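File shown here: run_22.tsv, holding TSV, N, CA and C atoms.
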```
chain	number	residue	atom	x	y	z
A	277	MET	N	-16.38	96.81	-37.38
A	277	MET	CA	-17.14	95.85	-36.57
A	277	MET	C	-16.21	94.73	-36.10
A	278	GLU	N	-16.34	94.39	-34.84
A	278	GLU	CA	-15.47	93.39	-34.25
A	278	GLU	C	-16.03	91.99	-34.51
A	279	TYR	N	-15.15	91.07	-34.82
A	279	TYR	CA	-15.60	89.70	-35.08
A	279	TYR	C	-15.83	88.99	-33.75
A	280	ASP	N	-17.01	88.39	-33.59
A	280	ASP	CA	-17.37	87.75	-32.32
A	280	ASP	C	-17.29	86.23	-32.47
A	281	ASN	N	-16.41	85.61	-31.72
A	281	ASN	CA	-16.25	84.16	-31.80
A	281	ASN	C	-17.46	83.40	-31.29
A	282	ASN	N	-18.15	83.95	-30.30
A	282	ASN	CA	-19.27	83.23	-29.69
A	282	ASN	C	-20.43	83.01	-30.63
A	283	ASN	N	-20.59	83.91	-31.63
A	283	ASN	CA	-21.72	83.79	-32.55
A	283	ASN	C	-21.37	83.05	-33.83
A	284	ASP	N	-20.18	82.53	-33.92
A	284	ASP	CA	-19.77	81.77	-35.11
A	284	ASP	C	-20.34	80.35	-35.00
A	285	PRO	N	-21.28	79.98	-35.90
A	285	PRO	CA	-21.91	78.66	-35.78
A	285	PRO	C	-20.90	77.52	-35.87
A	286	PHE	N	-19.91	77.67	-36.76
A	286	PHE	CA	-18.91	76.60	-36.89
A	286	PHE	C	-18.14	76.43	-35.58
A	287	ARG	N	-17.72	77.57	-35.00
A	287	ARG	CA	-16.97	77.54	-33.75
A	287	ARG	C	-17.79	76.88	-32.64
A	288	ARG	N	-19.10	77.22	-32.60
A	288	ARG	CA	-19.97	76.66	-31.57
A	288	ARG	C	-20.06	75.13	-31.71
A	289	GLU	N	-20.25	74.65	-32.94
A	289	GLU	CA	-20.32	73.21	-33.19
A	289	GLU	C	-19.01	72.53	-32.79
A	290	PHE	N	-17.90	73.17	-33.16
A	290	PHE	CA	-16.60	72.60	-32.84
A	290	PHE	C	-16.43	72.49	-31.33
A	291	ASN	N	-16.82	73.55	-30.59
A	291	ASN	CA	-16.72	73.52	-29.13
A	291	ASN	C	-17.59	72.43	-28.53
A	292	LYS	N	-18.78	72.25	-29.11
A	292	LYS	CA	-19.68	71.20	-28.62
A	292	LYS	C	-19.02	69.84	-28.77
A	293	LYS	N	-18.44	69.61	-29.98
A	293	LYS	CA	-17.78	68.33	-30.24
A	293	LYS	C	-16.60	68.12	-29.29
A	294	GLU	N	-15.80	69.18	-29.11
A	294	GLU	CA	-14.65	69.08	-28.21
A	294	GLU	C	-15.10	68.75	-26.79
A	295	THR	N	-16.16	69.41	-26.33
A	295	THR	CA	-16.67	69.15	-24.98
A	295	THR	C	-17.13	67.71	-24.86
A	296	LYS	N	-17.85	67.23	-25.90
A	296	LYS	CA	-18.31	65.84	-25.88
A	296	LYS	C	-17.12	64.89	-25.79
A	297	LYS	N	-16.10	65.16	-26.60
A	297	LYS	CA	-14.90	64.31	-26.59
A	297	LYS	C	-14.26	64.29	-25.22
A	298	ARG	N	-14.13	65.49	-24.63
A	298	ARG	CA	-13.50	65.59	-23.32
A	298	ARG	C	-14.30	64.83	-22.27
A	299	THR	N	-15.64	64.97	-22.33
A	299	THR	CA	-16.51	64.26	-21.38
A	299	THR	C	-16.35	62.76	-21.55
A	300	LEU	N	-16.32	62.31	-22.80
A	300	LEU	CA	-16.17	60.88	-23.07
A	300	LEU	C	-14.85	60.35	-22.52
A	301	LYS	N	-13.77	61.11	-22.74
A	301	LYS	CA	-12.46	60.69	-22.23
A	301	LYS	C	-12.48	60.60	-20.71
A	302	ALA	N	-13.12	61.58	-20.06
A	302	ALA	CA	-13.19	61.57	-18.59
A	302	ALA	C	-13.98	60.36	-18.11
A	303	LEU	N	-15.09	60.06	-18.77
A	303	LEU	CA	-15.91	58.91	-18.36
A	303	LEU	C	-15.15	57.61	-18.57
A	304	ILE	N	-14.44	57.49	-19.68
A	304	ILE	CA	-13.66	56.28	-19.94
A	304	ILE	C	-12.59	56.12	-18.87
A	305	PHE	N	-11.91	57.23	-18.52
A	305	PHE	CA	-10.88	57.18	-17.49
A	305	PHE	C	-11.46	56.74	-16.15
A	306	LEU	N	-12.60	57.34	-15.75
A	306	LEU	CA	-13.24	56.98	-14.49
A	306	LEU	C	-13.68	55.52	-14.50
A	307	GLY	N	-14.21	55.07	-15.64
A	307	GLY	CA	-14.61	53.67	-15.76
A	307	GLY	C	-13.41	52.74	-15.62
A	308	PHE	N	-12.29	53.13	-16.18
A	308	PHE	CA	-11.07	52.35	-16.10
A	308	PHE	C	-10.61	52.23	-14.65
A	309	VAL	N	-10.60	53.36	-13.93
A	309	VAL	CA	-10.20	53.36	-12.52
A	309	VAL	C	-11.15	52.48	-11.72
A	310	PHE	N	-12.45	52.60	-11.97
A	310	PHE	CA	-13.46	51.81	-11.26
A	310	PHE	C	-13.25	50.32	-11.53
A	311	MET	N	-12.96	49.95	-12.79
A	311	MET	CA	-12.74	48.54	-13.14
A	311	MET	C	-11.52	47.99	-12.42
A	312	ILE	N	-10.46	48.78	-12.30
A	312	ILE	CA	-9.27	48.33	-11.57
A	312	ILE	C	-9.65	48.03	-10.11
A	313	PHE	N	-10.45	48.93	-9.52
A	313	PHE	CA	-10.89	48.73	-8.14
A	313	PHE	C	-11.72	47.45	-8.01
A	314	VAL	N	-12.66	47.25	-8.93
A	314	VAL	CA	-13.53	46.07	-8.89
A	314	VAL	C	-12.72	44.79	-9.07
A	315	ILE	N	-11.77	44.80	-10.01
A	315	ILE	CA	-10.94	43.62	-10.24
A	315	ILE	C	-10.09	43.31	-9.01
A	316	GLY	N	-9.57	44.37	-8.37
A	316	GLY	CA	-8.79	44.17	-7.14
A	316	GLY	C	-9.62	43.53	-6.04
A	317	GLU	N	-10.84	44.01	-5.85
A	317	GLU	CA	-11.74	43.43	-4.84
A	317	GLU	C	-12.06	41.98	-5.18
A	318	PHE	N	-12.28	41.70	-6.46
A	318	PHE	CA	-12.61	40.35	-6.91
A	318	PHE	C	-11.44	39.40	-6.62
A	319	ILE	N	-10.22	39.84	-6.91
A	319	ILE	CA	-9.03	39.02	-6.65
A	319	ILE	C	-8.90	38.76	-5.15
A	320	ARG	N	-9.14	39.81	-4.34
A	320	ARG	CA	-9.06	39.65	-2.89
A	320	ARG	C	-10.09	38.63	-2.40
A	321	TYR	N	-11.29	38.69	-2.97
A	321	TYR	CA	-12.36	37.76	-2.61
A	321	TYR	C	-11.97	36.32	-2.95
A	322	ILE	N	-11.41	36.12	-4.14
A	322	ILE	CA	-11.02	34.78	-4.57
A	322	ILE	C	-9.89	34.23	-3.69
A	323	THR	N	-8.90	35.08	-3.40
A	323	THR	CA	-7.79	34.61	-2.56
A	323	THR	C	-8.27	34.29	-1.16
A	324	SER	N	-9.27	35.02	-0.64
A	324	SER	CA	-9.78	34.71	0.69
A	324	SER	C	-10.51	33.36	0.68
A	325	ILE	N	-11.13	32.99	-0.44
A	325	ILE	CA	-11.77	31.69	-0.55
A	325	ILE	C	-10.72	30.58	-0.63
A	326	ILE	N	-9.68	30.81	-1.44
A	326	ILE	CA	-8.66	29.80	-1.65
A	326	ILE	C	-7.88	29.52	-0.37
A	327	TYR	N	-7.46	30.60	0.32
A	327	TYR	CA	-6.59	30.43	1.49
A	327	TYR	C	-7.35	30.38	2.80
A	328	ARG	N	-8.61	29.98	2.76
A	328	ARG	CA	-9.38	29.92	3.99
A	328	ARG	C	-8.91	28.75	4.83
```
Take the structure in this file and express it as structure tokens.
Amino acid sequence: MEYDNNNDPFRREFNKKETKKRTLKALIFLGFVFMIFVIGEFIRYITSIIYR
């Protein structure tokens, strides 16, 4: 009988956790990029007020 990885409960849980981790890392990265963009816009806004 061949051993099936897909039906291994431990393997399934591990994959779920790995997927969650990967998703979390992707979201953190996207949030970081978004924050850089927002901070850049904010700085541009402040400099436009100062040098008006």
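Going from atom CA of Phe310 of chain A to atom CA of Glu294 of chain A covers 24.2 Å.
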So that all listed atoms of segment 310-314 of chain A fit with 8 Å spare on each side, what axis-aligned box centre and edge lengths in Å, to one decimal, would you give as lines of an AutoDock Vina configuration file?
```
center_x = -11.4
center_y = 48.7
center_z = -10.6
size_x = 20.3
size_y = 23.8
size_z = 21.1
```
As a check of understanding: the span from atom N of Lys293 of chain A to atom CA of Met311 of chain A is 27.6 Å
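Straight-line separation from atom N of Lys296 of chain A to atom N of Ile315 of chain A: 28.2 Å.
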Write out as number ranges by chain all residues of chain A that DSSP puts in alpha helix (DSSP H) for this structure's backbone.
A: 285-326
Using N, CA and C atoms, can you write the selected residues to a file as a short mmCIF file (atom, residue, chain, number, x, y, z; two decimals), in the frame of the given file?
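again-v9.cif written:
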```
data_model
loop_
_atom_site.label_atom_id
_atom_site.label_comp_id
_atom_site.auth_asym_id
_atom_site.auth_seq_id
_atom_site.Cartn_x
_atom_site.Cartn_y
_atom_site.Cartn_z
N PRO A 285 -21.28 79.98 -35.90
CA PRO A 285 -21.91 78.66 -35.78
C PRO A 285 -20.90 77.52 -35.87
N PHE A 286 -19.91 77.67 -36.76
CA PHE A 286 -18.91 76.60 -36.89
C PHE A 286 -18.14 76.43 -35.58
N ARG A 287 -17.72 77.57 -35.00
CA ARG A 287 -16.97 77.54 -33.75
C ARG A 287 -17.79 76.88 -32.64
N ARG A 288 -19.10 77.22 -32.60
CA ARG A 288 -19.97 76.66 -31.57
C ARG A 288 -20.06 75.13 -31.71
N GLU A 289 -20.25 74.65 -32.94
CA GLU A 289 -20.32 73.21 -33.19
C GLU A 289 -19.01 72.53 -32.79
N PHE A 290 -17.90 73.17 -33.16
CA PHE A 290 -16.60 72.60 -32.84
C PHE A 290 -16.43 72.49 -31.33
N ASN A 291 -16.82 73.55 -30.59
CA ASN A 291 -16.72 73.52 -29.13
C ASN A 291 -17.59 72.43 -28.53
N LYS A 292 -18.78 72.25 -29.11
CA LYS A 292 -19.68 71.20 -28.62
C LYS A 292 -19.02 69.84 -28.77
N LYS A 293 -18.44 69.61 -29.98
CA LYS A 293 -17.78 68.33 -30.24
C LYS A 293 -16.60 68.12 -29.29
N GLU A 294 -15.80 69.18 -29.11
CA GLU A 294 -14.65 69.08 -28.21
C GLU A 294 -15.10 68.75 -26.79
N THR A 295 -16.16 69.41 -26.33
CA THR A 295 -16.67 69.15 -24.98
C THR A 295 -17.13 67.71 -24.86
N LYS A 296 -17.85 67.23 -25.90
CA LYS A 296 -18.31 65.84 -25.88
C LYS A 296 -17.12 64.89 -25.79
N LYS A 297 -16.10 65.16 -26.60
CA LYS A 297 -14.90 64.31 -26.59
C LYS A 297 -14.26 64.29 -25.22
N ARG A 298 -14.13 65.49 -24.63
CA ARG A 298 -13.50 65.59 -23.32
C ARG A 298 -14.30 64.83 -22.27
N THR A 299 -15.64 64.97 -22.33
CA THR A 299 -16.51 64.26 -21.38
C THR A 299 -16.35 62.76 -21.55
N LEU A 300 -16.32 62.31 -22.80
CA LEU A 300 -16.17 60.88 -23.07
C LEU A 300 -14.85 60.35 -22.52
N LYS A 301 -13.77 61.11 -22.74
CA LYS A 301 -12.46 60.69 -22.23
C LYS A 301 -12.48 60.60 -20.71
N ALA A 302 -13.12 61.58 -20.06
CA ALA A 302 -13.19 61.57 -18.59
C ALA A 302 -13.98 60.36 -18.11
N LEU A 303 -15.09 60.06 -18.77
CA LEU A 303 -15.91 58.91 -18.36
C LEU A 303 -15.15 57.61 -18.57
N ILE A 304 -14.44 57.49 -19.68
CA ILE A 304 -13.66 56.28 -19.94
C ILE A 304 -12.59 56.12 -18.87
N PHE A 305 -11.91 57.23 -18.52
CA PHE A 305 -10.88 57.18 -17.49
C PHE A 305 -11.46 56.74 -16.15
N LEU A 306 -12.60 57.34 -15.75
CA LEU A 306 -13.24 56.98 -14.49
C LEU A 306 -13.68 55.52 -14.50
N GLY A 307 -14.21 55.07 -15.64
CA GLY A 307 -14.61 53.67 -15.76
C GLY A 307 -13.41 52.74 -15.62
N PHE A 308 -12.29 53.13 -16.18
CA PHE A 308 -11.07 52.35 -16.10
C PHE A 308 -10.61 52.23 -14.65
N VAL A 309 -10.60 53.36 -13.93
CA VAL A 309 -10.20 53.36 -12.52
C VAL A 309 -11.15 52.48 -11.72
N PHE A 310 -12.45 52.60 -11.97
CA PHE A 310 -13.46 51.81 -11.26
C PHE A 310 -13.25 50.32 -11.53
N MET A 311 -12.96 49.95 -12.79
CA MET A 311 -12.74 48.54 -13.14
C MET A 311 -11.52 47.99 -12.42
N ILE A 312 -10.46 48.78 -12.30
CA ILE A 312 -9.27 48.33 -11.57
C ILE A 312 -9.65 48.03 -10.11
N PHE A 313 -10.45 48.93 -9.52
CA PHE A 313 -10.89 48.73 -8.14
C PHE A 313 -11.72 47.45 -8.01
N VAL A 314 -12.66 47.25 -8.93
CA VAL A 314 -13.53 46.07 -8.89
C VAL A 314 -12.72 44.79 -9.07
N ILE A 315 -11.77 44.80 -10.01
CA ILE A 315 -10.94 43.62 -10.24
C ILE A 315 -10.09 43.31 -9.01
N GLY A 316 -9.57 44.37 -8.37
CA GLY A 316 -8.79 44.17 -7.14
C GLY A 316 -9.62 43.53 -6.04
N GLU A 317 -10.84 44.01 -5.85
CA GLU A 317 -11.74 43.43 -4.84
C GLU A 317 -12.06 41.98 -5.18
N PHE A 318 -12.28 41.70 -6.46
CA PHE A 318 -12.61 40.35 -6.91
C PHE A 318 -11.44 39.40 -6.62
N ILE A 319 -10.22 39.84 -6.91
CA ILE A 319 -9.03 39.02 -6.65
C ILE A 319 -8.90 38.76 -5.15
N ARG A 320 -9.14 39.81 -4.34
CA ARG A 320 -9.06 39.65 -2.89
C ARG A 320 -10.09 38.63 -2.40
N TYR A 321 -11.29 38.69 -2.97
CA TYR A 321 -12.36 37.76 -2.61
C TYR A 321 -11.97 36.32 -2.95
N ILE A 322 -11.41 36.12 -4.14
CA ILE A 322 -11.02 34.78 -4.57
C ILE A 322 -9.89 34.23 -3.69
N THR A 323 -8.90 35.08 -3.40
CA THR A 323 -7.79 34.61 -2.56
C THR A 323 -8.27 34.29 -1.16
N SER A 324 -9.27 35.02 -0.64
CA SER A 324 -9.78 34.71 0.69
C SER A 324 -10.51 33.36 0.68
N ILE A 325 -11.13 32.99 -0.44
CA ILE A 325 -11.77 31.69 -0.55
C ILE A 325 -10.72 30.58 -0.63
N ILE A 326 -9.68 30.81 -1.44
CA ILE A 326 -8.66 29.80 -1.65
C ILE A 326 -7.88 29.52 -0.37
#
```
